[in-house]
Structure formats: C-alpha cells, structure tokens
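Engineer: Below you'll find coords_24.tsv; it's TSV, N, CA and C atoms.
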```tsv
chain	number	residue	atom	x	y	z
A	98	MET	N	62.57	43.10	214.10
A	98	MET	CA	62.18	41.71	214.00
A	98	MET	C	60.99	41.48	214.93
A	99	GLY	N	59.94	40.92	214.42
A	99	GLY	CA	58.74	40.68	215.20
A	99	GLY	C	58.49	39.21	215.43
A	100	ALA	N	57.41	38.90	216.11
A	100	ALA	CA	57.05	37.52	216.44
A	100	ALA	C	56.84	36.69	215.17
A	101	ARG	N	56.30	37.33	214.12
A	101	ARG	CA	56.05	36.56	212.89
A	101	ARG	C	57.35	36.13	212.20
A	102	ASP	N	58.45	36.79	212.56
A	102	ASP	CA	59.75	36.45	211.96
A	102	ASP	C	60.48	35.36	212.73
A	103	MET	N	59.95	34.97	213.90
A	103	MET	CA	60.60	33.94	214.71
A	103	MET	C	60.35	32.56	214.10
A	104	GLN	N	61.36	31.72	214.20
A	104	GLN	CA	61.21	30.35	213.70
A	104	GLN	C	62.22	29.45	214.41
A	105	VAL	N	61.95	28.16	214.34
A	105	VAL	CA	62.84	27.18	214.95
A	105	VAL	C	64.10	27.07	214.08
A	106	ASP	N	65.21	27.00	214.75
A	106	ASP	CA	66.48	26.88	214.03
A	106	ASP	C	66.43	25.66	213.11
A	107	THR	N	66.95	25.80	211.92
A	107	THR	CA	66.89	24.73	210.92
A	107	THR	C	67.64	23.48	211.37
A	108	SER	N	68.68	23.64	212.18
A	108	SER	CA	69.42	22.45	212.65
A	108	SER	C	68.54	21.63	213.60
A	109	ILE	N	67.70	22.27	214.40
A	109	ILE	CA	66.79	21.55	215.30
A	109	ILE	C	65.67	20.90	214.50
A	110	VAL	N	65.19	21.60	213.48
A	110	VAL	CA	64.14	21.01	212.63
A	110	VAL	C	64.68	19.74	211.97
A	111	ALA	N	65.96	19.79	211.56
A	111	ALA	CA	66.57	18.64	210.90
A	111	ALA	C	66.82	17.50	211.90
A	112	ASP	N	67.14	17.82	213.16
A	112	ASP	CA	67.44	16.78	214.15
A	112	ASP	C	66.85	17.17	215.51
A	113	PRO	N	65.59	16.76	215.83
A	113	PRO	CA	64.95	17.10	217.10
A	113	PRO	C	65.70	16.58	218.32
A	114	ASN	N	66.62	15.67	218.15
A	114	ASN	CA	67.40	15.15	219.28
A	114	ASN	C	68.34	16.21	219.85
A	115	LEU	N	68.50	17.33	219.13
A	115	LEU	CA	69.35	18.40	219.63
A	115	LEU	C	68.68	19.19	220.76
A	116	ILE	N	67.39	19.02	220.97
A	116	ILE	CA	66.67	19.71	222.05
A	116	ILE	C	67.05	19.03	223.37
A	117	ALA	N	67.45	19.83	224.34
A	117	ALA	CA	67.86	19.29	225.64
A	117	ALA	C	66.62	19.09	226.50
A	118	ALA	N	65.85	18.06	226.20
A	118	ALA	CA	64.63	17.77	226.94
A	118	ALA	C	64.94	17.05	228.24
A	119	SER	N	66.18	16.69	228.46
A	119	SER	CA	66.56	15.97	229.68
A	119	SER	C	67.80	16.63	230.25
A	120	SER	N	67.86	16.68	231.56
A	120	SER	CA	69.05	17.27	232.19
A	120	SER	C	70.19	16.25	232.30
A	121	THR	N	69.90	15.01	232.01
A	121	THR	CA	70.92	13.96	232.05
A	121	THR	C	70.99	13.32	230.67
A	122	VAL	N	71.89	12.40	230.53
A	122	VAL	CA	72.01	11.70	229.26
A	122	VAL	C	70.88	10.70	229.06
A	123	ASN	N	70.15	10.41	230.11
A	123	ASN	CA	68.98	9.54	229.98
A	123	ASN	C	67.90	10.31	229.21
A	124	ASP	N	67.13	9.64	228.46
A	124	ASP	CA	66.07	10.30	227.71
A	124	ASP	C	64.78	10.29	228.53
A	125	ASP	N	64.85	10.84	229.75
A	125	ASP	CA	63.67	10.85	230.60
A	125	ASP	C	62.78	12.08	230.38
A	126	GLY	N	63.28	13.10	229.65
A	126	GLY	CA	62.49	14.29	229.34
A	126	GLY	C	62.24	15.19	230.54
A	127	GLU	N	63.13	15.14	231.51
A	127	GLU	CA	62.95	15.91	232.74
A	127	GLU	C	62.82	17.41	232.48
A	128	ASN	N	63.63	18.00	231.59
A	128	ASN	CA	63.54	19.43	231.27
A	128	ASN	C	62.20	19.76	230.61
A	129	ALA	N	61.79	18.92	229.70
A	129	ALA	CA	60.52	19.16	229.01
A	129	ALA	C	59.35	19.08	230.00
A	130	LEU	N	59.39	18.13	230.93
A	130	LEU	CA	58.34	18.02	231.95
A	130	LEU	C	58.34	19.25	232.86
A	131	SER	N	59.51	19.73	233.22
A	131	SER	CA	59.61	20.93	234.07
A	131	SER	C	59.03	22.15	233.37
A	132	ILE	N	59.33	22.28	232.10
A	132	ILE	CA	58.77	23.40	231.32
A	132	ILE	C	57.25	23.25	231.23
A	133	GLY	N	56.77	22.06	230.99
A	133	GLY	CA	55.33	21.81	230.92
A	133	GLY	C	54.62	22.09	232.23
A	134	ASN	N	55.28	21.82	233.34
A	134	ASN	CA	54.68	22.06	234.65
A	134	ASN	C	54.60	23.54	235.02
A	135	LEU	N	55.32	24.38	234.29
A	135	LEU	CA	55.29	25.82	234.57
A	135	LEU	C	53.89	26.41	234.41
A	136	LYS	N	53.07	25.83	233.54
A	136	LYS	CA	51.74	26.40	233.30
A	136	LYS	C	50.85	26.35	234.53
A	137	ASP	N	51.10	25.42	235.43
A	137	ASP	CA	50.28	25.30	236.64
A	137	ASP	C	50.99	25.82	237.89
A	138	ALA	N	52.23	26.29	237.75
A	138	ALA	CA	52.99	26.75	238.91
A	138	ALA	C	52.62	28.19	239.26
A	139	LEU	N	52.63	28.51	240.55
A	139	LEU	CA	52.34	29.86	241.02
A	139	LEU	C	53.59	30.72	240.89
A	140	ILE	N	53.89	31.10	239.69
A	140	ILE	CA	55.13	31.82	239.38
A	140	ILE	C	54.93	33.33	239.43
A	141	MET	N	53.78	33.81	239.03
A	141	MET	CA	53.54	35.24	238.92
A	141	MET	C	53.25	35.82	240.31
A	142	GLY	N	54.29	36.37	240.94
A	142	GLY	CA	54.16	36.94	242.27
A	142	GLY	C	53.98	35.89	243.35
A	143	GLY	N	54.15	34.64	243.03
A	143	GLY	CA	54.00	33.57	243.99
A	143	GLY	C	52.55	33.24	244.31
A	144	THR	N	51.60	33.90	243.62
A	144	THR	CA	50.19	33.68	243.93
A	144	THR	C	49.35	33.37	242.70
A	145	ALA	N	49.94	33.43	241.51
A	145	ALA	CA	49.14	33.24	240.29
A	145	ALA	C	49.94	32.47	239.25
A	146	THR	N	49.20	31.71	238.44
A	146	THR	CA	49.82	31.02	237.31
A	146	THR	C	49.88	31.99	236.14
A	147	PHE	N	50.56	31.55	235.08
A	147	PHE	CA	50.61	32.38	233.87
A	147	PHE	C	49.20	32.67	233.36
A	148	GLY	N	48.35	31.66	233.35
A	148	GLY	CA	46.97	31.81	232.86
A	148	GLY	C	46.17	32.76	233.73
A	149	ASP	N	46.31	32.63	235.06
A	149	ASP	CA	45.61	33.53	235.97
A	149	ASP	C	46.06	34.97	235.76
A	150	TYR	N	47.37	35.14	235.65
A	150	TYR	CA	47.91	36.48	235.48
A	150	TYR	C	47.42	37.09	234.17
A	151	TYR	N	47.45	36.28	233.11
A	151	TYR	CA	46.99	36.77	231.80
A	151	TYR	C	45.51	37.14	231.86
A	152	GLY	N	44.69	36.30	232.49
A	152	GLY	CA	43.26	36.59	232.62
A	152	GLY	C	43.02	37.89	233.39
A	153	THR	N	43.76	38.10	234.47
A	153	THR	CA	43.64	39.33	235.25
A	153	THR	C	44.07	40.54	234.44
A	154	LEU	N	45.17	40.38	233.70
A	154	LEU	CA	45.67	41.47	232.87
A	154	LEU	C	44.63	41.87	231.82
A	155	VAL	N	44.06	40.89	231.13
A	155	VAL	CA	43.06	41.17	230.10
A	155	VAL	C	41.83	41.81	230.74
A	156	GLY	N	41.42	41.33	231.90
A	156	GLY	CA	40.28	41.92	232.61
A	156	GLY	C	40.54	43.38	232.98
A	157	ASN	N	41.74	43.66	233.47
A	157	ASN	CA	42.09	45.03	233.83
A	157	ASN	C	42.09	45.95	232.61
A	158	ILE	N	42.60	45.44	231.51
A	158	ILE	CA	42.60	46.23	230.28
A	158	ILE	C	41.16	46.49	229.83
A	159	GLY	N	40.32	45.47	229.91
A	159	GLY	CA	38.92	45.64	229.55
A	159	GLY	C	38.23	46.69	230.41
A	160	GLU	N	38.50	46.66	231.71
A	160	GLU	CA	37.92	47.66	232.62
A	160	GLU	C	38.42	49.06	232.29
A	161	ALA	N	39.70	49.17	231.97
A	161	ALA	CA	40.26	50.48	231.63
A	161	ALA	C	39.63	51.03	230.35
A	162	VAL	N	39.42	50.16	229.36
A	162	VAL	CA	38.79	50.59	228.11
A	162	VAL	C	37.35	51.02	228.37
A	163	ALA	N	36.61	50.24	229.17
A	163	ALA	CA	35.22	50.61	229.49
A	163	ALA	C	35.17	51.93	230.23
A	164	GLU	N	36.08	52.15	231.17
A	164	GLU	CA	36.12	53.41	231.91
A	164	GLU	C	36.45	54.58	230.98
A	165	ALA	N	37.38	54.36	230.06
A	165	ALA	CA	37.73	55.41	229.10
A	165	ALA	C	36.53	55.75	228.21
A	166	GLN	N	35.77	54.75	227.81
A	166	GLN	CA	34.59	55.00	226.98
A	166	GLN	C	33.53	55.76	227.79
A	167	ARG	N	33.32	55.38	229.05
A	167	ARG	CA	32.37	56.11	229.90
A	167	ARG	C	32.82	57.55	230.09
A	168	SER	N	34.09	57.74	230.31
A	168	SER	CA	34.63	59.08	230.51
A	168	SER	C	34.45	59.92	229.24
A	169	LEU	N	34.71	59.33	228.09
A	169	LEU	CA	34.53	60.04	226.82
A	169	LEU	C	33.08	60.45	226.64
A	170	SER	N	32.17	59.53	226.93
A	170	SER	CA	30.75	59.83	226.80
A	170	SER	C	30.35	60.96	227.74
A	171	HIS	N	30.83	60.91	228.97
A	171	HIS	CA	30.51	61.95	229.94
A	171	HIS	C	31.08	63.30	229.50
A	172	GLU	N	32.34	63.31	229.10
A	172	GLU	CA	32.98	64.56	228.68
A	172	GLU	C	32.31	65.14	227.44
A	173	THR	N	31.88	64.30	226.52
A	173	THR	CA	31.16	64.77	225.33
A	173	THR	C	29.84	65.40	225.73
A	174	SER	N	29.15	64.79	226.67
A	174	SER	CA	27.88	65.33	227.17
A	174	SER	C	28.10	66.69	227.83
A	175	VAL	N	29.12	66.80	228.66
A	175	VAL	CA	29.43	68.06	229.33
A	175	VAL	C	29.76	69.13	228.29
A	176	MET	N	30.53	68.76	227.28
A	176	MET	CA	30.91	69.71	226.23
A	176	MET	C	29.68	70.21	225.49
A	177	THR	N	28.75	69.32	225.18
A	177	THR	CA	27.52	69.71	224.49
A	177	THR	C	26.71	70.68	225.35
A	178	GLN	N	26.60	70.37	226.64
A	178	GLN	CA	25.86	71.26	227.54
A	178	GLN	C	26.52	72.64	227.64
A	179	LEU	N	27.85	72.66	227.73
A	179	LEU	CA	28.55	73.95	227.82
A	179	LEU	C	28.39	74.76	226.53
A	180	GLN	N	28.43	74.10	225.38
A	180	GLN	CA	28.23	74.81	224.12
A	180	GLN	C	26.82	75.39	224.06
A	181	SER	N	25.85	74.62	224.51
A	181	SER	CA	24.47	75.09	224.52
A	181	SER	C	24.32	76.30	225.44
A	182	GLN	N	24.91	76.21	226.63
A	182	GLN	CA	24.84	77.34	227.56
A	182	GLN	C	25.54	78.57	226.98
A	183	TYR	N	26.66	78.37	226.33
A	183	TYR	CA	27.40	79.48	225.72
A	183	TYR	C	26.54	80.16	224.66
A	184	GLU	N	25.88	79.37	223.83
A	184	GLU	CA	25.05	79.95	222.79
A	184	GLU	C	23.86	80.70	223.38
A	185	GLN	N	23.31	80.19	224.50
A	185	GLN	CA	22.20	80.87	225.15
A	185	GLN	C	22.66	82.21	225.73
A	186	VAL	N	23.85	82.23	226.34
A	186	VAL	CA	24.36	83.45	226.96
A	186	VAL	C	24.78	84.45	225.89
A	187	SER	N	25.48	83.99	224.88
A	187	SER	CA	25.96	84.91	223.85
A	187	SER	C	24.83	85.37	222.95
A	188	GLY	N	23.76	84.61	222.86
A	188	GLY	CA	22.60	85.00	222.07
A	188	GLY	C	22.86	84.95	220.58
A	189	VAL	N	23.91	84.33	220.17
A	189	VAL	CA	24.23	84.27	218.75
A	189	VAL	C	23.75	82.95	218.18
A	190	SER	N	22.87	83.08	217.21
A	190	SER	CA	22.39	81.90	216.50
A	190	SER	C	22.69	82.14	215.02
A	191	ILE	N	23.40	81.24	214.42
A	191	ILE	CA	23.78	81.40	213.02
A	191	ILE	C	22.55	81.56	212.14
A	192	ASP	N	21.53	80.75	212.38
A	192	ASP	CA	20.31	80.84	211.57
A	192	ASP	C	19.63	82.19	211.76
A	193	GLU	N	19.54	82.65	213.00
A	193	GLU	CA	18.89	83.94	213.27
A	193	GLU	C	19.68	85.08	212.64
A	194	GLU	N	21.00	85.01	212.74
A	194	GLU	CA	21.83	86.06	212.14
A	194	GLU	C	21.69	86.06	210.62
A	195	MET	N	21.56	84.89	210.01
A	195	MET	CA	21.39	84.82	208.56
A	195	MET	C	20.05	85.43	208.15
A	196	MET	N	19.01	85.16	208.94
A	196	MET	CA	17.69	85.74	208.65
A	196	MET	C	17.75	87.26	208.76
A	197	ASN	N	18.41	87.76	209.81
A	197	ASN	CA	18.55	89.21	209.96
A	197	ASN	C	19.33	89.82	208.80
A	198	LEU	N	20.38	89.15	208.38
A	198	LEU	CA	21.19	89.63	207.26
A	198	LEU	C	20.34	89.73	206.00
A	199	MET	N	19.53	88.71	205.75
A	199	MET	CA	18.67	88.73	204.56
A	199	MET	C	17.62	89.83	204.68
A	200	LYS	N	17.05	90.01	205.87
A	200	LYS	CA	16.04	91.05	206.09
A	200	LYS	C	16.65	92.43	205.83
A	201	PHE	N	17.83	92.68	206.38
A	201	PHE	CA	18.48	93.98	206.20
A	201	PHE	C	18.88	94.20	204.74
A	202	GLN	N	19.31	93.13	204.07
A	202	GLN	CA	19.67	93.25	202.66
A	202	GLN	C	18.44	93.62	201.83
A	203	LEU	N	17.31	92.97	202.10
A	203	LEU	CA	16.08	93.31	201.38
A	203	LEU	C	15.65	94.74	201.68
A	204	GLY	N	15.78	95.17	202.93
A	204	GLY	CA	15.46	96.56	203.30
A	204	GLY	C	16.37	97.54	202.58
A	205	TYR	N	17.64	97.23	202.52
A	205	TYR	CA	18.59	98.10	201.82
A	205	TYR	C	18.24	98.19	200.34
A	206	ASN	N	17.94	97.04	199.73
A	206	ASN	CA	17.57	97.04	198.30
A	206	ASN	C	16.30	97.85	198.07
A	207	ALA	N	15.31	97.73	198.97
A	207	ALA	CA	14.07	98.49	198.83
A	207	ALA	C	14.35	99.98	198.97
A	208	ALA	N	15.20	100.36	199.93
A	208	ALA	CA	15.53	101.78	200.12
A	208	ALA	C	16.28	102.31	198.89
A	209	ALA	N	17.18	101.51	198.36
A	209	ALA	CA	17.92	101.93	197.16
A	209	ALA	C	16.98	102.11	195.99
A	210	LYS	N	16.00	101.23	195.86
A	210	LYS	CA	15.01	101.33	194.78
A	210	LYS	C	14.18	102.61	194.95
A	211	MET	N	13.81	102.91	196.20
A	211	MET	CA	13.03	104.11	196.47
A	211	MET	C	13.83	105.37	196.14
A	212	VAL	N	15.10	105.38	196.48
A	212	VAL	CA	15.96	106.52	196.15
A	212	VAL	C	16.07	106.66	194.64
A	213	THR	N	16.19	105.55	193.95
A	213	THR	CA	16.29	105.59	192.48
A	213	THR	C	15.00	106.16	191.89
A	214	VAL	N	13.85	105.72	192.37
A	214	VAL	CA	12.56	106.21	191.87
A	214	VAL	C	12.41	107.70	192.19
A	215	ALA	N	12.79	108.11	193.40
A	215	ALA	CA	12.71	109.52	193.77
A	215	ALA	C	13.62	110.36	192.88
A	216	GLU	N	14.79	109.86	192.59
A	216	GLU	CA	15.73	110.57	191.71
A	216	GLU	C	15.16	110.71	190.31
A	217	GLU	N	14.56	109.62	189.80
A	217	GLU	CA	13.95	109.67	188.47
A	217	GLU	C	12.79	110.67	188.44
A	218	MET	N	11.98	110.66	189.51
A	218	MET	CA	10.86	111.61	189.58
A	218	MET	C	11.38	113.04	189.63
A	219	TYR	N	12.41	113.28	190.41
A	219	TYR	CA	13.00	114.61	190.52
A	219	TYR	C	13.55	115.06	189.17
A	220	THR	N	14.26	114.17	188.50
A	220	THR	CA	14.81	114.48	187.18
A	220	THR	C	13.68	114.79	186.19
A	221	GLU	N	12.64	113.99	186.22
A	221	GLU	CA	11.50	114.20	185.32
A	221	GLU	C	10.82	115.52	185.63
A	222	LEU	N	10.67	115.86	186.90
A	222	LEU	CA	10.05	117.12	187.30
A	222	LEU	C	10.87	118.30	186.82
A	223	LEU	N	12.20	118.22	186.97
A	223	LEU	CA	13.06	119.30	186.50
A	223	LEU	C	12.98	119.44	184.98
A	224	ASN	N	12.89	118.31	184.30
A	224	ASN	CA	12.78	118.36	182.83
A	224	ASN	C	11.46	119.01	182.43
A	225	MET	N	10.38	118.75	183.17
A	225	MET	CA	9.07	119.35	182.85
A	225	MET	C	9.10	120.85	183.07
A	226	ILE	N	9.80	121.29	184.09
A	226	ILE	CA	9.86	122.72	184.37
A	226	ILE	C	10.69	123.43	183.32
A	227	GLN	N	11.75	122.83	182.84
A	227	GLN	CA	12.66	123.44	181.89
A	227	GLN	C	12.03	123.51	180.51
A	228	ARG	N	11.04	122.78	180.13
A	228	ARG	CA	10.46	122.78	178.80
A	228	ARG	C	9.59	123.92	178.61
```
Take the structure in the file and give it back as structure tokens.
Structural biologist:
Amino acid sequence: MGARDMQVDTSIVADPNLIAASSTVNDDGENALSIGNLKDALIMGGTATFGDYYGTLVGNIGEAVAEAQRSLSHETSVMTQLQSQYEQVSGVSIDEEMMNLMKFQLGYNAAAKMVTVAEEMYTELLNMIQR
C-alpha cells in the first residue's frame, strides 16, 4: 500500500465533526491549532523546524548527487587515460593490425600466384622436352 492509496475514512468524510479538533467538549479547535503550530516548532533535534530539516535534507542529497557526478567524471577520465597508456605500452592498435593482416594476405596471394606461374612454366617446359 502506497501514499496514493491513502484516503480519509468515509465516516469522517460523511461527518467532519468526528475529527477531534478540540481536547475538550468545547469547539475551540485546540488540537487543530496545536497541529498547525507544529510547522513552526523546533521539533527536529530541538534546533530545526520540519521545513528547515527538509530543506537541509534536500540540500545534502543535492550535494551528494553532485559529488557522485564529479566522481564519475573523474573516474571516467582516469579510465580513459589508463586505456590510452595501456595501448601505448602494448603497442596493439586494431587498425594497424588490420592493415598488417591485409598486407600479409596480399603478399601471400602474390606468392601463391608466383608459385602457380612457376609450376605452369615448369610443366610447359617438361612438355616441350618430351615432344
């Protein structure tokens, strides 16, 4: 059950006189006035009102969120620097490795082509000698 499910009891809605707004049988509203005065009373630790305490709480939460965001930014920056240093030390670059792979593949294909041509020439030479 959440706050959105809370509601005033139907018997009180039907008869507001059921609310004990007075501590006596007189309709002076003493209880209601006491409850109303709570908003200005130094109840929270004896030094703060409900409003002051709430404002301080929200401020503290805001500071914590800002600090968390600064920390995240700093840690992300450190992580980026460490990754960069790691790549410099390891010397591995994906782009460079891909270029080398393509270069070696082209070299291999050229060597295979040369072997094929040499084989064809050798076969042709043997055929010429046998005729």
Engineer: Can you tell me how far atom N of A:Glu194 sits from atom CA of A:Thr173, in Å to one decimal?
Structural biologist: 25.9 Å
Engineer: Kindly give the distance, in Å, that separates atom CA of A:Ser108 and atom C of A:Ser131, rounded to a single decimal.
Structural biologist: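 Separating atom CA of A:Ser108 from atom C of A:Ser131 is a distance of 23.2 Å.
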Engineer: So which one's closest to A:Tyr150, A:Leu222, A:Ala165, A:Ala207, A:Ala138? Using only C-alpha atoms, please.
Structural biologist: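 Looking only at the distances to A:Tyr150, the closest residue turns out to be A:Ala138.
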Engineer: Write out as a PyMOL selection string all residues of chain A that DSSP puts in alpha helix (DSSP H) for this structure's backbone.
Structural biologist: chain A and resi 107-111+127-134+147-187+191-227
Engineer: To one decimal in Å, tell me the separation between atom CA of A:Thr146 and atom CA of A:Gln104.
Structural biologist: 26.2 Å
Engineer: Find the residues near A:Leu154: any atom within 12 Å, counting only C-alpha atoms, skip ones fewer than 6 places away on the same chain, and give them as a list in words.
Structural biologist: Met141, Ala145, Phe147, Gly148, Glu160 and Ala161 of chain A
Engineer: Kindly provide, as lines of an AutoDock Vina configuration file, the centre and edge lengths (Å, one decimal) of an axis-aligned box around all atoms of stretch 203-210 of chain A given in the file, with 4 Å on each side.
Structural biologist:
```
center_x = 16.3
center_y = 97.8
center_z = 199.0
size_x = 12.5
size_y = 17.6
size_z = 16.5
```
Engineer: If we count only C-alpha atoms and set the cut-off at 12 Å, which residues sit around A:Ile116, ignoring sequence neighbours fewer than 5 positions away in its own chain? Please answer as a ChimeraX atom specification.
Structural biologist: /A:105-106,108-111,124,126-129
